[in-house]
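As stored in work_33.csv (CSV, C-alpha atoms and all ligand atoms):
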```csv
chain,number,residue,atom,x,y,z
I,1,MET,CA,-62.3,-33.5,-29.1
I,2,HIS,CA,-63.5,-35.7,-31.9
I,3,GLU,CA,-66.8,-34.2,-32.8
I,4,TYR,CA,-65.7,-34.3,-36.4
I,5,SER,CA,-65.1,-38.0,-36.5
I,6,VAL,CA,-68.3,-38.7,-34.6
I,7,ALA,CA,-70.2,-36.5,-37.1
I,8,MET,CA,-68.6,-38.6,-39.9
I,9,GLY,CA,-69.7,-41.8,-38.2
I,10,VAL,CA,-73.3,-40.6,-37.8
I,11,TYR,CA,-73.4,-39.4,-41.3
I,12,GLU,CA,-72.3,-42.7,-42.7
I,13,VAL,CA,-74.8,-44.7,-40.7
I,14,VAL,CA,-77.7,-42.4,-41.7
I,15,LEU,CA,-76.7,-42.2,-45.3
I,16,ASN,CA,-76.6,-46.0,-45.5
I,17,VAL,CA,-80.1,-46.3,-44.1
I,18,ALA,CA,-81.3,-43.5,-46.3
I,19,LEU,CA,-79.9,-45.2,-49.5
I,20,LYS,CA,-81.4,-48.6,-48.5
I,21,ASN,CA,-84.8,-47.0,-48.2
I,22,ASN,CA,-84.5,-45.0,-51.4
I,23,ALA,CA,-85.0,-41.8,-49.4
I,24,ALA,CA,-85.3,-38.5,-51.4
I,25,ARG,CA,-84.3,-36.6,-48.3
I,26,VAL,CA,-83.5,-37.2,-44.6
I,27,ILE,CA,-85.7,-35.0,-42.5
I,28,SER,CA,-84.3,-35.7,-39.0
I,29,VAL,CA,-82.1,-37.9,-37.0
I,30,ASP,CA,-82.6,-38.7,-33.3
I,31,LEU,CA,-79.2,-39.2,-31.7
I,32,GLU,CA,-78.8,-40.3,-28.2
I,33,LEU,CA,-75.7,-38.8,-26.7
I,34,GLY,CA,-74.4,-40.0,-23.3
I,35,GLU,CA,-73.4,-37.3,-20.9
I,36,LEU,CA,-70.1,-39.1,-20.2
I,37,THR,CA,-68.9,-39.0,-23.8
I,38,HIS,CA,-66.5,-36.3,-24.6
I,39,ILE,CA,-68.8,-34.9,-27.2
I,40,ASN,CA,-70.1,-31.4,-27.2
I,41,PRO,CA,-73.6,-31.3,-28.8
I,42,VAL,CA,-73.2,-27.9,-30.3
I,43,GLN,CA,-69.9,-28.7,-32.0
I,44,LEU,CA,-71.3,-32.0,-33.1
I,45,SER,CA,-74.2,-30.3,-34.9
I,46,PHE,CA,-71.9,-27.9,-36.5
I,47,CYS,CA,-69.6,-30.6,-37.8
I,48,PHE,CA,-72.6,-32.7,-38.9
I,49,GLU,CA,-73.9,-29.8,-41.0
I,50,ALA,CA,-70.4,-29.4,-42.6
I,51,VAL,CA,-70.1,-33.1,-43.4
I,52,ALA,CA,-73.6,-33.3,-44.8
I,53,LYS,CA,-73.3,-30.4,-47.2
I,54,GLY,CA,-74.3,-31.3,-50.7
I,55,SER,CA,-75.7,-34.7,-49.7
I,56,LEU,CA,-79.1,-36.3,-49.0
I,57,LEU,CA,-78.5,-35.1,-45.5
I,58,GLU,CA,-78.0,-31.4,-46.4
I,59,ARG,CA,-80.9,-30.0,-44.4
I,60,THR,CA,-81.3,-32.8,-41.9
I,61,ASP,CA,-82.2,-31.8,-38.3
I,62,LEU,CA,-79.9,-33.5,-35.9
I,63,ASN,CA,-81.8,-33.9,-32.6
I,64,VAL,CA,-79.4,-34.6,-29.9
I,65,ILE,CA,-81.0,-36.3,-26.9
I,66,LYS,CA,-78.9,-36.2,-23.9
I,67,VAL,CA,-78.7,-39.4,-21.9
I,68,ALA,CA,-77.9,-39.2,-18.2
I,69,PRO,CA,-75.4,-41.7,-16.6
I,70,GLU,CA,-76.8,-44.7,-14.8
I,71,ILE,CA,-75.0,-47.4,-12.9
I,72,ARG,CA,-75.4,-50.9,-11.7
I,73,CYS,CA,-73.7,-51.8,-8.4
I,74,LYS,CA,-72.8,-55.1,-6.8
I,75,CYS,CA,-74.8,-54.0,-3.8
I,76,GLY,CA,-77.9,-54.3,-5.9
I,77,TYR,CA,-78.4,-50.6,-6.7
I,78,GLU,CA,-79.5,-49.8,-10.3
I,79,GLY,CA,-80.3,-46.4,-11.5
I,80,SER,CA,-79.3,-42.8,-11.8
I,81,ILE,CA,-76.6,-40.9,-10.0
I,82,ASN,CA,-76.8,-37.3,-8.8
I,83,THR,CA,-75.5,-35.2,-11.6
I,84,GLU,CA,-76.8,-31.9,-10.5
I,85,GLN,CA,-74.3,-29.1,-9.8
I,86,GLN,CA,-71.5,-31.3,-10.9
I,87,THR,CA,-69.1,-30.3,-13.7
I,88,PHE,CA,-68.2,-33.0,-16.2
I,89,TYR,CA,-64.9,-33.8,-14.6
I,90,ASP,CA,-66.4,-33.9,-11.1
I,91,LEU,CA,-69.0,-36.3,-12.4
I,92,ILE,CA,-66.3,-38.7,-13.6
I,93,LEU,CA,-64.1,-38.3,-10.6
I,94,ASN,CA,-66.9,-38.8,-8.1
I,95,LEU,CA,-68.6,-41.6,-10.0
I,96,ARG,CA,-69.8,-43.9,-7.2
I,97,CYS,CA,-72.8,-45.8,-6.0
I,98,PRO,CA,-75.2,-43.5,-4.2
I,99,LYS,CA,-76.3,-46.4,-2.0
I,100,CYS,CA,-73.1,-48.0,-0.8
I,101,GLY,CA,-70.4,-45.6,-1.9
I,102,ASN,CA,-68.6,-48.2,-4.1
I,103,PRO,CA,-66.3,-46.1,-6.3
I,104,ALA,CA,-66.3,-48.6,-9.2
I,105,PRO,CA,-69.9,-49.3,-10.2
I,106,GLU,CA,-70.7,-50.6,-13.7
I,107,LEU,CA,-71.9,-47.9,-16.0
I,108,THR,CA,-75.0,-49.0,-17.8
I,109,SER,CA,-75.7,-45.7,-19.6
I,110,GLY,CA,-74.1,-42.4,-20.2
I,111,ARG,CA,-71.6,-43.4,-22.9
I,112,GLU,CA,-73.9,-43.8,-25.9
I,113,ILE,CA,-73.5,-42.2,-29.3
I,114,ASN,CA,-76.6,-44.0,-30.7
I,115,VAL,CA,-78.3,-43.2,-33.9
I,116,ARG,CA,-81.8,-44.1,-32.6
I,117,ASP,CA,-84.1,-43.4,-35.4
I,118,ILE,CA,-84.3,-41.5,-38.7
I,119,LYS,CA,-87.2,-39.7,-40.4
I,120,MET,CA,-87.0,-39.4,-44.1
I,121,GLU,CA,-89.0,-38.6,-47.2
I,122,VAL,CA,-89.4,-41.5,-49.6
I,123,ASP,CA,-90.8,-41.8,-53.1
I,124,GLY,CA,-93.9,-43.9,-54.0
I,125,ASN,CA,-96.7,-45.0,-51.7
I,126,ALA,CA,-96.6,-47.5,-49.0
K,1,MET,CA,-93.7,-38.7,-51.5
K,2,HIS,CA,-94.3,-39.6,-47.9
K,3,ASP,CA,-92.4,-39.6,-44.7
K,4,ILE,CA,-91.3,-42.7,-42.9
K,5,ARG,CA,-89.5,-43.2,-39.6
K,6,VAL,CA,-87.0,-46.0,-39.3
K,7,GLU,CA,-85.6,-47.3,-36.1
K,8,VAL,CA,-81.9,-47.8,-36.4
K,9,GLY,CA,-80.3,-48.2,-33.0
K,10,PHE,CA,-76.7,-48.1,-34.2
K,11,ASP,CA,-74.3,-47.0,-31.5
K,12,ILE,CA,-71.0,-45.7,-32.9
K,13,LEU,CA,-69.0,-46.5,-29.8
K,14,GLN,CA,-70.5,-50.0,-29.5
K,15,ALA,CA,-69.7,-50.7,-33.1
K,16,ASN,CA,-66.1,-49.8,-32.5
K,17,GLU,CA,-66.2,-51.9,-29.3
K,18,ALA,CA,-67.4,-54.9,-31.4
K,19,LEU,CA,-64.6,-54.5,-33.9
K,20,ALA,CA,-62.1,-54.1,-31.1
K,21,GLU,CA,-63.3,-57.4,-29.7
K,22,LYS,CA,-62.7,-59.0,-33.1
K,23,ASN,CA,-59.1,-57.6,-33.1
K,24,ARG,CA,-58.5,-58.9,-29.6
K,25,ALA,CA,-59.7,-62.4,-30.6
K,26,LEU,CA,-57.3,-62.3,-33.5
K,27,LEU,CA,-54.4,-61.3,-31.3
K,28,ASP,CA,-55.3,-64.0,-28.8
K,29,ASP,CA,-55.2,-66.6,-31.6
K,30,PHE,CA,-51.7,-65.6,-32.3
K,31,GLY,CA,-50.7,-65.3,-28.7
K,32,VAL,CA,-50.0,-61.6,-29.0
K,33,THR,CA,-50.4,-59.2,-26.1
K,34,ALA,CA,-51.3,-55.7,-27.2
K,35,PHE,CA,-50.6,-52.5,-25.3
K,36,ASN,CA,-52.4,-49.3,-26.3
K,37,ILE,CA,-49.9,-46.5,-25.6
K,38,MET,CA,-51.7,-43.3,-25.1
K,39,GLY,CA,-50.5,-39.9,-23.8
K,40,ALA,CA,-49.8,-36.3,-24.3
K,41,ILE,CA,-48.0,-35.1,-27.4
K,42,GLY,CA,-44.2,-35.4,-27.0
K,43,SER,CA,-44.5,-37.1,-23.6
K,44,GLY,CA,-42.2,-39.9,-24.6
K,45,LYS,CA,-44.5,-42.6,-26.0
K,46,THR,CA,-42.1,-43.5,-28.8
K,47,THR,CA,-39.1,-43.3,-26.5
K,48,LEU,CA,-40.6,-45.7,-23.9
K,49,ILE,CA,-41.5,-48.2,-26.7
K,50,GLU,CA,-38.0,-48.0,-28.1
K,51,LEU,CA,-36.6,-48.7,-24.6
K,52,ALA,CA,-38.9,-51.7,-24.3
K,53,ALA,CA,-37.9,-53.0,-27.7
K,54,ASP,CA,-34.2,-52.8,-26.8
K,55,ARG,CA,-34.6,-54.5,-23.5
K,56,LEU,CA,-37.1,-57.2,-24.6
K,57,GLY,CA,-36.3,-57.8,-28.2
K,58,ASP,CA,-34.0,-60.7,-27.6
K,59,ARG,CA,-36.6,-62.6,-25.5
K,60,HIS,CA,-39.9,-61.7,-27.3
K,61,GLY,CA,-41.1,-60.9,-30.7
K,62,ILE,CA,-42.1,-57.2,-30.8
K,63,GLY,CA,-44.2,-55.3,-33.3
K,64,ALA,CA,-45.6,-51.8,-33.4
K,65,ILE,CA,-48.4,-49.8,-34.9
K,66,ALA,CA,-47.5,-46.1,-35.1
K,67,GLY,CA,-50.5,-43.9,-35.2
K,68,ASP,CA,-50.0,-40.2,-35.7
K,69,ILE,CA,-51.1,-37.3,-37.9
K,70,VAL,CA,-47.9,-38.1,-39.8
K,71,ALA,CA,-47.0,-41.6,-38.6
K,72,ASP,CA,-44.0,-42.4,-40.8
K,73,ILE,CA,-41.6,-40.5,-38.5
K,74,ASP,CA,-42.2,-42.6,-35.5
K,75,ALA,CA,-42.5,-45.7,-37.6
K,76,GLU,CA,-39.0,-45.1,-38.9
K,77,ARG,CA,-37.7,-44.9,-35.3
K,78,PHE,CA,-39.3,-48.2,-34.4
K,79,LYS,CA,-37.8,-49.9,-37.5
K,80,ARG,CA,-34.3,-48.7,-36.5
K,81,HIS,CA,-34.9,-50.9,-33.4
K,82,ASN,CA,-35.7,-53.9,-35.6
K,83,VAL,CA,-39.4,-53.7,-34.8
K,84,PRO,CA,-41.8,-54.5,-37.6
K,85,THR,CA,-44.1,-51.5,-37.8
K,86,VAL,CA,-47.2,-50.4,-39.6
K,87,PRO,CA,-47.6,-46.6,-39.8
K,88,LEU,CA,-51.2,-45.4,-39.5
K,89,ASN,CA,-51.6,-41.9,-40.8
K,90,THR,CA,-54.7,-40.5,-39.1
K,91,GLY,CA,-54.8,-37.2,-40.9
K,92,LYS,CA,-57.6,-35.2,-39.3
K,93,GLU,CA,-58.5,-37.8,-36.8
K,94,CYS,CA,-57.5,-37.2,-33.2
K,95,HIS,CA,-57.4,-40.9,-32.2
K,96,LEU,CA,-57.0,-44.4,-33.6
K,97,ASP,CA,-60.0,-46.6,-33.8
K,98,ALA,CA,-60.6,-50.4,-34.1
K,99,HIS,CA,-61.2,-50.2,-37.8
K,100,LEU,CA,-57.8,-48.6,-38.5
K,101,VAL,CA,-56.1,-51.1,-36.3
K,102,GLU,CA,-57.9,-54.0,-38.0
K,103,HIS,CA,-56.3,-53.1,-41.2
K,104,ALA,CA,-52.9,-52.6,-39.6
K,105,LEU,CA,-53.0,-56.0,-38.1
K,106,GLU,CA,-53.4,-57.5,-41.6
K,107,ARG,CA,-50.0,-56.0,-42.4
K,108,LEU,CA,-48.1,-57.3,-39.4
K,109,PRO,CA,-46.3,-60.7,-39.1
K,110,LEU,CA,-48.5,-61.8,-36.1
K,111,ASP,CA,-47.0,-65.3,-36.1
K,112,ASP,CA,-43.6,-63.8,-35.1
K,113,LEU,CA,-45.0,-61.5,-32.4
K,114,ASP,CA,-45.5,-61.8,-28.7
K,115,ILE,CA,-46.0,-58.1,-27.9
K,116,LEU,CA,-47.6,-55.4,-29.9
K,117,PHE,CA,-47.3,-51.8,-29.0
K,118,ILE,CA,-49.9,-49.5,-30.5
K,119,GLU,CA,-48.8,-45.9,-30.2
K,120,ASN,CA,-51.9,-43.8,-30.3
K,121,VAL,CA,-52.2,-40.2,-31.4
K,122,GLY,CA,-50.8,-37.7,-28.9
K,123,ASN,CA,-53.9,-36.6,-27.1
K,124,LEU,CA,-55.3,-37.1,-23.6
K,125,ILE,CA,-59.0,-36.9,-24.5
K,126,CYS,CA,-60.1,-38.5,-27.7
K,127,PRO,CA,-58.4,-41.9,-27.6
K,128,THR,CA,-60.1,-42.6,-24.3
K,129,ASP,CA,-63.4,-43.6,-25.9
K,130,TYR,CA,-62.0,-45.9,-28.5
K,131,SER,CA,-60.9,-49.5,-27.7
K,132,LEU,CA,-58.6,-50.9,-30.4
K,133,GLY,CA,-58.5,-54.5,-29.3
K,134,GLU,CA,-55.7,-54.0,-26.8
K,135,HIS,CA,-55.2,-56.0,-23.7
K,136,HIS,CA,-53.7,-53.2,-21.6
K,137,ARG,CA,-54.0,-49.5,-21.7
K,138,VAL,CA,-51.1,-47.3,-20.8
K,139,VAL,CA,-51.1,-43.5,-20.4
K,140,ILE,CA,-47.9,-41.4,-20.6
K,141,VAL,CA,-47.5,-37.8,-19.5
K,142,SER,CA,-44.3,-35.9,-18.8
K,143,VAL,CA,-43.4,-33.3,-16.3
K,144,SER,CA,-43.0,-30.8,-19.2
K,145,GLU,CA,-46.7,-30.6,-19.7
K,146,GLY,CA,-47.0,-29.0,-16.3
K,147,ASP,CA,-47.8,-30.8,-13.1
K,148,ASP,CA,-51.6,-30.1,-13.3
K,149,ILE,CA,-51.9,-32.1,-16.6
K,150,VAL,CA,-53.2,-35.1,-14.7
K,151,GLU,CA,-56.0,-33.4,-12.9
K,152,LYS,CA,-57.1,-31.7,-16.1
K,153,HIS,CA,-57.6,-35.0,-17.9
K,154,PRO,CA,-59.1,-37.5,-15.3
K,155,MET,CA,-61.0,-39.7,-17.7
K,156,ILE,CA,-58.0,-41.3,-19.4
K,157,PHE,CA,-56.5,-42.2,-16.1
K,158,LYS,CA,-59.7,-43.9,-15.1
K,159,THR,CA,-59.5,-46.3,-18.1
K,160,CYS,CA,-55.8,-47.3,-18.0
K,161,SER,CA,-54.0,-49.9,-16.0
K,162,LEU,CA,-50.6,-48.1,-16.0
K,163,ALA,CA,-49.8,-44.4,-15.8
K,164,ILE,CA,-46.3,-43.2,-16.5
K,165,VAL,CA,-45.0,-39.8,-15.5
K,166,ASN,CA,-41.9,-39.4,-17.8
K,167,LYS,CA,-39.0,-37.0,-18.0
K,168,VAL,CA,-38.7,-36.7,-14.2
K,169,ASP,CA,-35.0,-35.8,-14.8
K,170,ILE,CA,-36.1,-32.3,-15.9
K,171,ALA,CA,-38.8,-31.8,-13.3
K,172,LYS,CA,-36.9,-29.2,-11.4
K,173,ALA,CA,-36.0,-27.3,-14.5
K,174,VAL,CA,-39.6,-27.0,-15.6
K,175,ASN,CA,-40.8,-26.4,-12.0
K,176,ALA,CA,-43.0,-29.5,-11.8
K,177,ASP,CA,-43.7,-31.8,-8.9
K,178,ALA,CA,-43.6,-35.3,-10.3
K,179,ASP,CA,-44.8,-36.8,-7.0
K,180,LYS,CA,-47.9,-34.6,-7.1
K,181,MET,CA,-48.6,-35.9,-10.5
K,182,VAL,CA,-48.4,-39.5,-9.2
K,183,ASP,CA,-50.7,-38.6,-6.3
K,184,ASP,CA,-53.2,-37.1,-8.7
K,185,VAL,CA,-53.1,-40.3,-10.8
K,186,LEU,CA,-53.8,-42.5,-7.7
K,187,ARG,CA,-56.5,-40.2,-6.4
K,188,ILE,CA,-58.4,-40.4,-9.7
K,189,ASN,CA,-57.9,-44.2,-10.0
K,190,PRO,CA,-56.8,-46.0,-6.9
K,191,ARG,CA,-56.4,-49.3,-8.8
K,192,ILE,CA,-54.0,-48.0,-11.4
K,193,LYS,CA,-50.2,-48.6,-11.3
K,194,ALA,CA,-48.2,-45.4,-11.5
K,195,LEU,CA,-44.5,-45.1,-12.4
K,196,LYS,CA,-42.0,-42.2,-12.6
K,197,THR,CA,-39.6,-42.7,-15.5
K,198,SER,CA,-36.6,-41.0,-17.2
K,199,LYS,CA,-34.9,-42.0,-20.3
K,200,THR,CA,-31.9,-39.9,-19.2
K,201,THR,CA,-31.2,-41.4,-15.8
K,202,GLY,CA,-32.9,-44.7,-16.4
K,203,GLU,CA,-35.2,-44.3,-13.4
K,204,GLY,CA,-38.3,-46.4,-13.5
K,205,VAL,CA,-37.4,-48.1,-16.8
K,206,ASP,CA,-36.9,-51.5,-15.1
K,207,ASP,CA,-40.4,-51.2,-13.7
K,208,TRP,CA,-41.8,-50.3,-17.1
K,209,ILE,CA,-40.2,-53.5,-18.5
K,210,LYS,CA,-41.5,-55.6,-15.6
K,211,PHE,CA,-45.0,-54.3,-16.2
K,212,ILE,CA,-44.9,-55.4,-19.8
K,213,GLU,CA,-43.5,-58.8,-19.1
K,214,GLY,CA,-45.8,-59.3,-16.1
K,215,ASN,CA,-48.8,-58.6,-18.2
K,216,MET,CA,-48.1,-60.8,-21.2
K,217,ASN,CA,-50.8,-63.4,-21.9
K,218,VAL,CA,-49.7,-66.9,-21.6
K,219,HIS,CA,-49.7,-68.4,-25.1
K,220,ARG,CA,-52.7,-70.6,-25.8
Y,301,LIG,N1,-35.2,-35.1,-20.7
Y,301,LIG,C1,-35.9,-36.2,-21.2
Y,301,LIG,N2,-36.3,-36.1,-22.5
Y,301,LIG,C2,-37.1,-37.2,-22.9
Y,301,LIG,C3,-37.4,-38.3,-22.1
Y,301,LIG,N3,-38.2,-39.1,-22.8
Y,301,LIG,C4,-38.3,-38.6,-24.0
Y,301,LIG,N4,-37.6,-37.4,-24.1
Y,301,LIG,C5,-37.5,-36.6,-25.3
Y,301,LIG,O1,-38.8,-36.0,-25.5
Y,301,LIG,C6,-39.0,-35.8,-26.9
Y,301,LIG,C7,-40.3,-36.5,-27.3
Y,301,LIG,O2,-40.2,-37.9,-27.1
Y,301,LIG,P1,-41.0,-38.9,-28.0
Y,301,LIG,O3,-40.7,-40.3,-27.5
Y,301,LIG,O4,-40.8,-38.6,-29.5
Y,301,LIG,O5,-42.5,-38.5,-27.6
Y,301,LIG,P2,-43.9,-39.0,-28.2
Y,301,LIG,O6,-44.8,-39.0,-27.1
Y,301,LIG,O7,-43.7,-40.2,-29.0
Y,301,LIG,O8,-44.2,-37.8,-29.2
Y,301,LIG,P3,-45.3,-37.7,-30.3
Y,301,LIG,O9,-45.4,-39.0,-31.0
Y,301,LIG,O10,-44.9,-36.6,-31.2
Y,301,LIG,O11,-46.6,-37.3,-29.6
Y,301,LIG,C8,-37.8,-36.4,-27.6
Y,301,LIG,O12,-36.9,-35.4,-27.9
Y,301,LIG,C9,-37.2,-37.3,-26.5
Y,301,LIG,O13,-35.8,-37.5,-26.6
Y,301,LIG,C10,-36.9,-38.3,-20.7
Y,301,LIG,O14,-37.2,-39.2,-19.9
Y,301,LIG,N5,-36.2,-37.2,-20.3
Y,302,MG,MG,-44.3,-40.7,-30.9
Y,303,ZN,ZN,-73.6,-50.0,-4.4
```
Using the file provided, produce a representation of the structure as structure tokens.
Amino acid sequence: MHEYSVAMGVYEVVLNVALKNNAARVISVDLELGELTHINPVQLSFCFEAVAKGSLLERTDLNVIKVAPEIRCKCGYEGSINTEQQTFYDLILNLRCPKCGNPAPELTSGREINVRDIKMEVDGNA
Amino acid sequence: MHDIRVEVGFDILQANEALAEKNRALLDDFGVTAFNIMGAIGSGKTTLIELAADRLGDRHGIGAIAGDIVADIDAERFKRHNVPTVPLNTGKECHLDAHLVEHALERLPLDDLDILFIENVGNLICPTDYSLGEHHRVVIVSVSEGDDIVEKHPMIFKTCSLAIVNKVDIAKAVNADADKMVDDVLRINPRIKALKTSKTTGEGVDDWIKFIEGNMNVHR
């Protein structure tokens, strides 16, 4: 899996924003992680910590917010699908519209790796 | 010192997607059709591209991007078939991404090309999430990975338009049921095209070539 490269990606995005804001330290990052990505949150946090060592992001909390899959179907259905008691692979294999059974609905969420917001400590008063 | 919260909203996969779209537009401008060749390690990705280059080279301009932990080995193989090739050493990375491909495209003679093969890193998981700007996605597995390799990696078969089960000549020797593998592919993705191939017997190679030619974009 590519937790390492995702951690690198997140690190670069956050560091850029931190530098732009003259941050002294980044306190926390909220990261939305779709359940249909191949990313394991525990491994991701571990990699992030390793990548961030010795930087502005050294003690940053990475809050991983899981995002459940949602679909939009040509039958008009929009919303969640039943993900309970399904393994990751079953979820992918059985992805279908809960209303009409269409096996190829459009995924509207569940694949995000989204750096949503960042909390940081900055110098000066604003 | 005070704390601030900044809304960012930067999605890593979407950013890759946007770059991929840019690559695709560039390829379209030059009338190049790109195939993202993914698959298991050693399944025959380089071999099937070599076969295609030999069969199509006199009719179409063919180029390649060889992505691998150490890419020069496959790149040398493509060059021996007169295919202009850019090696992309991925080092630690387990997949190619649109950014790497963007820079590889700068080094290819796009004017002379009709078909671009992008050999991805041998891996059935990580490349799935990253578009490169390709027009078609192909996944190659071989019987020597065991005939349950397809069921173990459903996602990649969901995202491809062609799946190849290669090395069917040695299926018996490795105790694998190639037809079961094809069935698994079609169960996971009923809309995919599935082929059994062998470099040794030539089985399925014509169909592989047909798939490529049948899916070339009409130039401008
Ligand atoms: N028996 C048999 N061997 C094959 C076939 N296709 C490829 N091979 C052999 O399998 C080995 C690996 O083939 P490659 O084409 O290098 O595979 P690859 O997927 O590019 O490998 P990596 O880039 O290292 O992941 C080579 O020794 C090939 O000669 C086939 O149809 N039958
Ligand atoms: Mg190869
Ligand atoms: Zn529906």
message = Which residue is closest to chain I? Choose from K:Leu13, K:Val86, K:Ile118, K:Ala104 and count all atoms listed in the file.
response =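 When distances to chain I are compared using all atoms listed in the file, the smallest one comes from K:Leu13.
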May I have a table of the residues of chain K lying at most 7 Å from chain I, giving each one's closest pair of atoms and their distance in Å to one decimal, counting all atoms listed in the file, ordered by chain and ascending residue number, as JSON lines?
```
{"residue": "K:Met1", "atom": "CA", "partner": "I:Asp123", "partner_atom": "CA", "distance": 4.5}
{"residue": "K:His2", "atom": "CA", "partner": "I:Glu121", "partner_atom": "CA", "distance": 5.4}
{"residue": "K:Asp3", "atom": "CA", "partner": "I:Glu121", "partner_atom": "CA", "distance": 4.3}
{"residue": "K:Ile4", "atom": "CA", "partner": "I:Met120", "partner_atom": "CA", "distance": 5.6}
{"residue": "K:Arg5", "atom": "CA", "partner": "I:Lys119", "partner_atom": "CA", "distance": 4.3}
{"residue": "K:Val6", "atom": "CA", "partner": "I:Ile118", "partner_atom": "CA", "distance": 5.3}
{"residue": "K:Glu7", "atom": "CA", "partner": "I:Asp117", "partner_atom": "CA", "distance": 4.2}
{"residue": "K:Val8", "atom": "CA", "partner": "I:Asp117", "partner_atom": "CA", "distance": 5.0}
{"residue": "K:Gly9", "atom": "CA", "partner": "I:Arg116", "partner_atom": "CA", "distance": 4.4}
{"residue": "K:Phe10", "atom": "CA", "partner": "I:Val115", "partner_atom": "CA", "distance": 5.2}
{"residue": "K:Asp11", "atom": "CA", "partner": "I:Asn114", "partner_atom": "CA", "distance": 3.9}
{"residue": "K:Ile12", "atom": "CA", "partner": "I:Ile113", "partner_atom": "CA", "distance": 5.6}
{"residue": "K:Leu13", "atom": "CA", "partner": "I:Ile113", "partner_atom": "CA", "distance": 6.2}
{"residue": "K:Glu93", "atom": "CA", "partner": "I:Ser5", "partner_atom": "CA", "distance": 6.6}
{"residue": "K:Cys94", "atom": "CA", "partner": "I:His2", "partner_atom": "CA", "distance": 6.3}
{"residue": "K:Ile125", "atom": "CA", "partner": "I:Met1", "partner_atom": "CA", "distance": 6.6}
{"residue": "K:Cys126", "atom": "CA", "partner": "I:Met1", "partner_atom": "CA", "distance": 5.6}
{"residue": "K:Pro154", "atom": "CA", "partner": "I:Leu93", "partner_atom": "CA", "distance": 6.9}
{"residue": "K:Met155", "atom": "CA", "partner": "I:Ile92", "partner_atom": "CA", "distance": 6.8}
{"residue": "K:Ile188", "atom": "CA", "partner": "I:Leu93", "partner_atom": "CA", "distance": 6.1}
```
query = Neighbours of stretch 48-54 of chain K within 7 Å (all atoms listed in the file; same-chain residues fewer than 2 positions away dropped), as a PyMOL selection string?
reply = chain K and resi 44-46+56-57+62+78+81+209
Within 7 Å of ligand LIG 301 (chain Y) (all atoms listed in the file), residues as an MDAnalysis selection string = chainID K and resid 39:48 68 74 121:122 166:170 197:200
message = Could you tell me how far atom CA of K:Val150 sits from atom CA of K:Asn217, in Å to one decimal place?
response = 29.3 Å
message = Using only C-alpha atoms, which protein or nucleic acid residues come within 12 Å of K:Asn16? Drop anything in the same chain fewer than 6 positions from it, and give the result as JSON, numbers by chain.
response = {"I": [6, 9, 112, 113], "K": [10, 22, 23, 96, 97, 98, 99, 100, 101, 102, 129, 130, 131, 132, 133]}
task = Extract, using all atoms listed in the file, all DNA, RNA and protein residues at most 8 Å from I:Leu57, discarding same-chain residues fewer than 2 positions from it, and format them as number ranges by chain.
result = I: 11, 15, 25-27, 52-55, 59-60
query = Suppose you want the space between atom CA of K:Val32 and atom CA of K:Gly204; what is it in Å?
reply = 24.7 Å
remark   = If you count only C-alpha atoms and all ligand atoms, the residue of I:Ala7, I:Leu19, I:Ala50, I:Ile81 closest to ligand ZN 303 (chain Y) turns out to be I:Ile81
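For the pair atom CA of K:Val218 and atom CA of K:Ser161, the interatomic distance is 18.4 Å.
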key: Surrounding residues as a PyMOL selection string, ligand ZN 303 (chain Y), max 7 Å, all atoms listed in the file   = chain I and resi 73-77+97-102+105
request  = Select, from K:Thr90, K:Met216, K:Thr159, K:Lys172, the residue with the minimum atom-to-atom distance to K:Leu27, counting all atoms listed in the file.
outcome  =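 Nearest to K:Leu27: K:Met216.
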request  = Pull the neighbourhood of (-73.8, -49.5, -18.2) for me: all residues within 10 Å in file coordinates, counting all atoms listed in the file, as a PyMOL selection string.
outcome  = chain I and resi 69-72+78-79+105-112
request  = Tell me which of I:Asp61, I:Phe46, I:Glu35, I:Asn22 sits closest to I:Gln86, counting only C-alpha atoms.
outcome  =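 Smallest distance to I:Gln86 is found for I:Glu35.
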key: Neighbour list for K:Gly31 as a ChimeraX atom specification, cut-off 9 Å, only C-alpha atoms, skip fewer than 5 positions in-chain   = /K:26,110-111,113-115,217-220
